[in-house]
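In what follows, a structure is listed as structure tokens, so that the remarks can point back to it.
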Amino acid sequence: MTDAPLLRLEGVVKSFGAVHAVRGIDLRVSQGEVVCIMGPSGCGKSTLLRCINFLEEADEGYVYLDGEPIGMRNVSGKRRRDSEASINHMRRRIGMVFQLFNVWPHMTALGNVVTPQVTVLGRPEPEAEDIARDLLNRVGLADKAESYPADLSGGELQRVAIARALAMEPRLMLFDEATSALDPELVSEVISVISGLAEAGMTMIVVTHELGFAMRVADRIIFMDEGLIVEEGPPEIVLRNPKSERLERFLSQVMYDRPGSGHHGPWTDRSALGRAGHRREEDHDG
């Protein structure tokens with residue numbers, strides 16, 4: 001991980017009528033860094049991701065990737081929208097995986113990964129197919145290349161979506177609660193793939209409520225509430241020793257309600273966070 005910021009946000013603001021979803025967010029993400037964003041529903045975390053790749057146009061502020069503006073640029077002190085060609089060019093450098101399985105139902109898993117390479121990047125189809133098969137193998141779906149979405153599980157569909165995003169060779173990956181729509185037993189399939197990307201050095205911003213995953217993989221945790229960054233820092237500090245009552249309350253609720261926890265309450269699961277943190281430290285030491 002280098003010190004130079006790959007992604008930079010300056011004063012990003014987004015409202016929907018009277019709802020202030022994002023309130024002046026400043027953020028820097030270094031190359032190779034994994035940032036996990038947590039917070040209650042409606043806190044602005046998904047809107048922030050959508051502002052980063054310009055799926056939502058921020059009302060104020062700027063977003064930069066590799067020093068280049070995304071969507072809006074500062075021209076003599078005034079915000080000016082870029083051309084659609086420039087916006088699309090920058091979007092290609094950001095991969096995004098959504099909560100729901102945004103795959104094309106009429107194409108096989110292989111077709112889902114091949115098609116955007118050919119139509120957007122202009123790759124020859126044989127080259128695109130080689131890349132697609134390699135990526136499907138990386139996400140554990142080599143044997144599902146010819147399967148259609150109707151025949152795949154939710155975890156498999158998300159892994160197809162991840163392979164498709166990676167095929168575009170993004171500089172940054174965004175995950176918007178990619179496991180939230182999955183049955184509990186399928187969550188580990190997707191988490192394993194995202195963890196592998198982290199180990200390979202992919203820069204990622206991950207919106208998640210999976211505390212153990214965040215403890216093991218994240219370089220930094222950001223906790224948002226009411227459109228603001230309330231706390232941020234290393235996971236072993238933010239998750240084990242929250243400074244604010246709001247984060248303490250959020251963690252207790254999430255750990256108590258976590259699927260598969262048997263509703264044992266926050267203290268049992270806080271111990272599990274400690275064990276995950278020890279594994280993370282061992283991984284980094286090794």
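Please note that chains go A, B, ... in the order of the structure tokens, that every chain numbers its residues from 1, and that ligands are numbered from 1 in the order shown.
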
Using only C-alpha atoms, which residues sit within 7 Å of A:Tyr62 once same-chain residues fewer than 4 positions away are excluded, as an NGL selection string? :A and (9-12 or 69 or 72-73)

Which of stretch 78-158 of chain A end up as alpha helix (DSSP H) when DSSP is run on this backbone - answer as number ranges by chain? A: 84-91, 109-116, 125-138, 154-158

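The space between atom CA of A:Trp104 and atom CA of A:Ser147 spans 12.0 Å.
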
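Residues lying within 10 Å of stretch 16-19 of chain A, counting only C-alpha atoms and ignoring same-chain neighbours fewer than 4 positions away, are Gly42, Asp59, Glu226 and Gly227 of chain A.
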
Saved selection, atoms kept: N, CA and C atoms, as a PDB file, in the first residue's frame:
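Wrote out21.pdb, looks like this:
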```pdb
ATOM      1  N   GLY A  42     -29.946   3.939   6.131  1.00  0.00           N
ATOM      2  CA  GLY A  42     -30.253   5.342   5.889  1.00  0.00           C
ATOM      3  C   GLY A  42     -29.181   6.310   6.327  1.00  0.00           C
ATOM      4  N   ASP A  59     -24.377  17.055  -4.893  1.00  0.00           N
ATOM      5  CA  ASP A  59     -24.813  18.447  -4.968  1.00  0.00           C
ATOM      6  C   ASP A  59     -23.638  19.404  -4.794  1.00  0.00           C
ATOM      7  N   GLU A 226     -26.203   9.488   9.942  1.00  0.00           N
ATOM      8  CA  GLU A 226     -26.836  10.733   9.501  1.00  0.00           C
ATOM      9  C   GLU A 226     -25.961  11.495   8.513  1.00  0.00           C
ATOM     10  N   GLY A 227     -25.353  10.747   7.580  1.00  0.00           N
ATOM     11  CA  GLY A 227     -24.600  11.370   6.499  1.00  0.00           C
ATOM     12  C   GLY A 227     -23.211  11.838   6.849  1.00  0.00           C
TER      13      GLY A 227
END
```

Identify all residues of stretch 65-187 of chain A in strand (DSSP E) (DSSP on the backbone) and supply them as a ChimeraX atom specification. /A:65,68-69,72-75,78-81,94-97,172-176

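We find atom CA of A:Phe101 and atom CA of A:Met173 to be spaced 16.0 Å apart.
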
Neighbouring residues of A:Arg133 were defined as those with any atom within 9 Å, considering only C-alpha atoms; residues of the same chain fewer than 3 positions away were excluded. Please report them as a ChimeraX atom specification. /A:110,113-114,128-130,136-138,141-142,145

Could you save those same residues with all heavy atoms as an mmCIF file, in the first residue's frame?
```cif
data_model
loop_
_atom_site.group_PDB
_atom_site.id
_atom_site.type_symbol
_atom_site.label_atom_id
_atom_site.label_comp_id
_atom_site.auth_asym_id
_atom_site.auth_seq_id
_atom_site.Cartn_x
_atom_site.Cartn_y
_atom_site.Cartn_z
ATOM 1 N N LEU A 110 -20.465 -17.247 -18.311
ATOM 2 C CA LEU A 110 -19.367 -16.841 -19.194
ATOM 3 C C LEU A 110 -19.757 -15.626 -20.032
ATOM 4 O O LEU A 110 -18.986 -14.665 -20.142
ATOM 5 C CB LEU A 110 -18.985 -18.012 -20.109
ATOM 6 C CG LEU A 110 -17.809 -17.768 -21.052
ATOM 7 C CD1 LEU A 110 -16.522 -17.585 -20.261
ATOM 8 C CD2 LEU A 110 -17.666 -18.938 -22.043
ATOM 9 N N VAL A 113 -19.556 -12.300 -18.324
ATOM 10 C CA VAL A 113 -18.217 -11.754 -18.101
ATOM 11 C C VAL A 113 -17.553 -11.347 -19.419
ATOM 12 O O VAL A 113 -16.759 -10.405 -19.459
ATOM 13 C CB VAL A 113 -17.339 -12.775 -17.343
ATOM 14 C CG1 VAL A 113 -15.977 -12.186 -17.009
ATOM 15 C CG2 VAL A 113 -18.034 -13.216 -16.049
ATOM 16 N N VAL A 114 -17.897 -12.032 -20.498
ATOM 17 C CA VAL A 114 -17.302 -11.739 -21.810
ATOM 18 C C VAL A 114 -17.876 -10.459 -22.419
ATOM 19 O O VAL A 114 -17.138 -9.585 -22.917
ATOM 20 C CB VAL A 114 -17.510 -12.920 -22.780
ATOM 21 C CG1 VAL A 114 -17.169 -12.509 -24.218
ATOM 22 C CG2 VAL A 114 -16.671 -14.104 -22.359
ATOM 23 N N ALA A 128 -11.285 -12.006 -24.685
ATOM 24 C CA ALA A 128 -12.246 -11.756 -23.609
ATOM 25 C C ALA A 128 -12.692 -13.055 -22.967
ATOM 26 O O ALA A 128 -12.871 -13.135 -21.742
ATOM 27 C CB ALA A 128 -13.448 -10.984 -24.150
ATOM 28 N N GLU A 129 -12.862 -14.104 -23.782
ATOM 29 C CA GLU A 129 -13.295 -15.392 -23.225
ATOM 30 C C GLU A 129 -12.198 -16.011 -22.365
ATOM 31 O O GLU A 129 -12.482 -16.582 -21.302
ATOM 32 C CB GLU A 129 -13.683 -16.352 -24.342
ATOM 33 C CG GLU A 129 -14.190 -17.685 -23.807
ATOM 34 C CD GLU A 129 -14.785 -18.580 -24.880
ATOM 35 O OE1 GLU A 129 -15.286 -18.051 -25.890
ATOM 36 O OE2 GLU A 129 -14.741 -19.818 -24.684
ATOM 37 N N ASP A 130 -10.946 -15.889 -22.793
ATOM 38 C CA ASP A 130 -9.841 -16.412 -21.977
ATOM 39 C C ASP A 130 -9.792 -15.728 -20.618
ATOM 40 O O ASP A 130 -9.625 -16.379 -19.579
ATOM 41 C CB ASP A 130 -8.510 -16.214 -22.708
ATOM 42 C CG ASP A 130 -8.334 -17.172 -23.880
ATOM 43 O OD1 ASP A 130 -9.069 -18.176 -23.948
ATOM 44 O OD2 ASP A 130 -7.457 -16.897 -24.724
ATOM 45 N N LEU A 136 -13.573 -16.555 -13.755
ATOM 46 C CA LEU A 136 -14.559 -17.475 -13.181
ATOM 47 C C LEU A 136 -13.859 -18.559 -12.369
ATOM 48 O O LEU A 136 -14.363 -18.985 -11.319
ATOM 49 C CB LEU A 136 -15.419 -18.089 -14.287
ATOM 50 C CG LEU A 136 -16.432 -17.138 -14.933
ATOM 51 C CD1 LEU A 136 -17.089 -17.792 -16.147
ATOM 52 C CD2 LEU A 136 -17.492 -16.701 -13.928
ATOM 53 N N ASN A 137 -12.695 -18.967 -12.822
ATOM 54 C CA ASN A 137 -11.918 -19.932 -12.041
ATOM 55 C C ASN A 137 -11.458 -19.319 -10.723
ATOM 56 O O ASN A 137 -11.517 -19.959 -9.665
ATOM 57 C CB ASN A 137 -10.710 -20.397 -12.858
ATOM 58 C CG ASN A 137 -9.881 -21.430 -12.117
ATOM 59 O OD1 ASN A 137 -10.378 -22.481 -11.729
ATOM 60 N ND2 ASN A 137 -8.597 -21.132 -11.910
ATOM 61 N N ARG A 138 -11.033 -18.059 -10.762
ATOM 62 C CA ARG A 138 -10.566 -17.379 -9.553
ATOM 63 C C ARG A 138 -11.664 -17.251 -8.507
ATOM 64 O O ARG A 138 -11.392 -17.290 -7.304
ATOM 65 C CB ARG A 138 -10.014 -15.990 -9.898
ATOM 66 C CG ARG A 138 -8.635 -16.000 -10.500
ATOM 67 C CD ARG A 138 -8.195 -14.606 -10.881
ATOM 68 N NE ARG A 138 -8.170 -13.707 -9.720
ATOM 69 C CZ ARG A 138 -7.975 -12.390 -9.817
ATOM 70 N NH1 ARG A 138 -7.817 -11.827 -11.013
ATOM 71 N NH2 ARG A 138 -7.947 -11.650 -8.737
ATOM 72 N N LEU A 141 -15.872 -20.648 -9.952
ATOM 73 C CA LEU A 141 -17.019 -20.991 -10.795
ATOM 74 C C LEU A 141 -16.600 -21.542 -12.155
ATOM 75 O O LEU A 141 -17.347 -21.427 -13.127
ATOM 76 C CB LEU A 141 -17.906 -19.746 -11.010
ATOM 77 C CG LEU A 141 -18.625 -19.201 -9.783
ATOM 78 C CD1 LEU A 141 -19.375 -17.920 -10.139
ATOM 79 C CD2 LEU A 141 -19.590 -20.234 -9.204
ATOM 80 N N ALA A 142 -15.431 -22.148 -12.229
ATOM 81 C CA ALA A 142 -14.966 -22.688 -13.505
ATOM 82 C C ALA A 142 -15.962 -23.694 -14.081
ATOM 83 O O ALA A 142 -16.176 -23.763 -15.298
ATOM 84 C CB ALA A 142 -13.596 -23.335 -13.336
ATOM 85 N N ALA A 145 -19.404 -22.086 -15.918
ATOM 86 C CA ALA A 145 -19.255 -21.102 -16.995
ATOM 87 C C ALA A 145 -20.427 -21.124 -17.974
ATOM 88 O O ALA A 145 -20.855 -20.079 -18.468
ATOM 89 C CB ALA A 145 -17.944 -21.340 -17.745
#
```

Determine, using only C-alpha atoms, which residues of stretch 107-189 of chain A have any atom at most 10 Å from an atom of stretch 26-40 of chain A, and tabulate each with its shortest atom pair and distance in Å to one decimal place, rows ordered by chain and then rising number, as JSON lines.
```
{"residue": "A:Arg171", "atom": "CA", "partner": "A:Gln31", "partner_atom": "CA", "distance": 8.5}
{"residue": "A:Leu172", "atom": "CA", "partner": "A:Gln31", "partner_atom": "CA", "distance": 8.5}
{"residue": "A:Met173", "atom": "CA", "partner": "A:Val34", "partner_atom": "CA", "distance": 9.6}
{"residue": "A:Leu174", "atom": "CA", "partner": "A:Val35", "partner_atom": "CA", "distance": 9.8}
{"residue": "A:Phe175", "atom": "CA", "partner": "A:Cys36", "partner_atom": "CA", "distance": 9.3}
{"residue": "A:Asp176", "atom": "CA", "partner": "A:Ile37", "partner_atom": "CA", "distance": 9.4}
{"residue": "A:Glu177", "atom": "CA", "partner": "A:Ile37", "partner_atom": "CA", "distance": 9.6}
```

Selected residues written out with N, CA and C atoms, as an mmCIF file, in the first residue's frame:
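That gives us result_2.cif:
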```
data_model
loop_
_atom_site.group_PDB
_atom_site.id
_atom_site.type_symbol
_atom_site.label_atom_id
_atom_site.label_comp_id
_atom_site.auth_asym_id
_atom_site.auth_seq_id
_atom_site.Cartn_x
_atom_site.Cartn_y
_atom_site.Cartn_z
ATOM 1 N N ARG A 171 -9.442 0.064 -11.210
ATOM 2 C CA ARG A 171 -8.463 0.565 -10.248
ATOM 3 C C ARG A 171 -9.020 0.485 -8.831
ATOM 4 N N LEU A 172 -10.356 0.495 -8.730
ATOM 5 C CA LEU A 172 -11.034 0.532 -7.439
ATOM 6 C C LEU A 172 -12.272 -0.336 -7.520
ATOM 7 N N MET A 173 -12.526 -1.121 -6.460
ATOM 8 C CA MET A 173 -13.747 -1.917 -6.387
ATOM 9 C C MET A 173 -14.624 -1.403 -5.246
ATOM 10 N N LEU A 174 -15.920 -1.275 -5.535
ATOM 11 C CA LEU A 174 -16.912 -0.869 -4.544
ATOM 12 C C LEU A 174 -17.888 -2.021 -4.340
ATOM 13 N N PHE A 175 -18.129 -2.367 -3.075
ATOM 14 C CA PHE A 175 -19.088 -3.417 -2.748
ATOM 15 C C PHE A 175 -20.164 -2.822 -1.847
ATOM 16 N N ASP A 176 -21.406 -2.830 -2.334
ATOM 17 C CA ASP A 176 -22.512 -2.263 -1.569
ATOM 18 C C ASP A 176 -23.321 -3.381 -0.924
ATOM 19 N N GLU A 177 -22.907 -3.778 0.294
ATOM 20 C CA GLU A 177 -23.585 -4.845 1.034
ATOM 21 C C GLU A 177 -23.836 -6.059 0.145
#
```

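Between atom CA of A:Glu236 and atom CA of A:Val187 there is a distance of 22.5 Å.
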
With only C-alpha atoms as the counted atoms, please give the residues lying no more than 12 Å from A:Asp225, apart from itself and same-chain residues fewer than 2 positions off, as an MDAnalysis selection string. chainID A and resid 20:23 25 37:46 222:223 227:232 244:247 249:250

Which residue, A:Ala200, A:Leu251, A:Ile194, A:Ala132, has the smallest gap to A:Arg216 when you use only C-alpha atoms? A:Ile194

Considering only C-alpha atoms, can you say which of A:Gln99, A:Thr119, A:Ser252, A:Thr203 comes closest to A:Gly155? A:Gln99

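Across A:Arg80, A:Arg123, A:Lys14, A:Arg92, the tightest approach to A:Glu60 is made by A:Lys14 when counting only C-alpha atoms.
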
For A:Asp151, the closest of A:Leu7, A:Ala109, A:Ala167, A:Met90 counting only C-alpha atoms is A:Ala109

May I have the residues within 10 Å of A:Val120 as a list in words, using only C-alpha atoms and disregarding those fewer than 5 positions away in the same chain? Asn88, His89, Arg92, Thr115 and Met168 of chain A

Convert the current residue selection to file output with all heavy atoms, as a PDB file, in the first residue's frame.
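Output saved as part-v8.pdb:
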```pdb
ATOM      1  N   ASN A  88     -17.997   8.292 -18.585  1.00  0.00           N
ATOM      2  CA  ASN A  88     -17.981   6.846 -18.837  1.00  0.00           C
ATOM      3  C   ASN A  88     -16.562   6.299 -18.782  1.00  0.00           C
ATOM      4  O   ASN A  88     -16.339   5.172 -18.305  1.00  0.00           O
ATOM      5  CB  ASN A  88     -18.624   6.547 -20.190  1.00  0.00           C
ATOM      6  CG  ASN A  88     -20.135   6.763 -20.168  1.00  0.00           C
ATOM      7  OD1 ASN A  88     -20.767   6.663 -19.118  1.00  0.00           O
ATOM      8  ND2 ASN A  88     -20.710   7.078 -21.320  1.00  0.00           N
ATOM      9  N   HIS A  89     -15.605   7.077 -19.261  1.00  0.00           N
ATOM     10  CA  HIS A  89     -14.204   6.648 -19.206  1.00  0.00           C
ATOM     11  C   HIS A  89     -13.754   6.441 -17.766  1.00  0.00           C
ATOM     12  O   HIS A  89     -13.081   5.448 -17.451  1.00  0.00           O
ATOM     13  CB  HIS A  89     -13.313   7.689 -19.894  1.00  0.00           C
ATOM     14  CG  HIS A  89     -11.853   7.413 -19.737  1.00  0.00           C
ATOM     15  ND1 HIS A  89     -11.212   6.395 -20.403  1.00  0.00           N
ATOM     16  CD2 HIS A  89     -10.906   8.030 -18.964  1.00  0.00           C
ATOM     17  CE1 HIS A  89      -9.930   6.384 -20.046  1.00  0.00           C
ATOM     18  NE2 HIS A  89      -9.717   7.359 -19.187  1.00  0.00           N
ATOM     19  N   ARG A  92     -15.357   3.321 -16.012  1.00  0.00           N
ATOM     20  CA  ARG A  92     -14.775   2.029 -16.382  1.00  0.00           C
ATOM     21  C   ARG A  92     -13.642   1.626 -15.445  1.00  0.00           C
ATOM     22  O   ARG A  92     -13.288   0.456 -15.362  1.00  0.00           O
ATOM     23  CB  ARG A  92     -14.233   2.086 -17.816  1.00  0.00           C
ATOM     24  CG  ARG A  92     -15.295   2.178 -18.888  1.00  0.00           C
ATOM     25  CD  ARG A  92     -14.669   2.425 -20.235  1.00  0.00           C
ATOM     26  NE  ARG A  92     -15.647   2.937 -21.175  1.00  0.00           N
ATOM     27  CZ  ARG A  92     -15.341   3.558 -22.315  1.00  0.00           C
ATOM     28  NH1 ARG A  92     -14.071   3.730 -22.624  1.00  0.00           N
ATOM     29  NH2 ARG A  92     -16.292   3.997 -23.108  1.00  0.00           N
ATOM     30  N   THR A 115     -19.199 -10.310 -22.387  1.00  0.00           N
ATOM     31  CA  THR A 115     -19.881  -9.266 -23.152  1.00  0.00           C
ATOM     32  C   THR A 115     -19.392  -7.841 -22.847  1.00  0.00           C
ATOM     33  O   THR A 115     -19.112  -7.079 -23.779  1.00  0.00           O
ATOM     34  CB  THR A 115     -21.398  -9.378 -22.945  1.00  0.00           C
ATOM     35  OG1 THR A 115     -21.830 -10.651 -23.414  1.00  0.00           O
ATOM     36  CG2 THR A 115     -22.139  -8.281 -23.707  1.00  0.00           C
ATOM     37  N   MET A 168     -13.112  -5.804 -16.191  1.00  0.00           N
ATOM     38  CA  MET A 168     -12.893  -4.454 -16.714  1.00  0.00           C
ATOM     39  C   MET A 168     -11.595  -3.839 -16.190  1.00  0.00           C
ATOM     40  O   MET A 168     -11.288  -2.690 -16.468  1.00  0.00           O
ATOM     41  CB  MET A 168     -14.081  -3.560 -16.336  1.00  0.00           C
ATOM     42  CG  MET A 168     -15.440  -4.133 -16.701  1.00  0.00           C
ATOM     43  SD  MET A 168     -15.586  -4.538 -18.454  1.00  0.00           S
ATOM     44  CE  MET A 168     -15.759  -2.885 -19.128  1.00  0.00           C
TER      45      MET A 168
END
```

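Each of A:Tyr148, A:Gly154, A:Glu57, A:Tyr64 was checked against A:Ser188 using only C-alpha atoms; the smallest atom-to-atom distance is that of A:Gly154.
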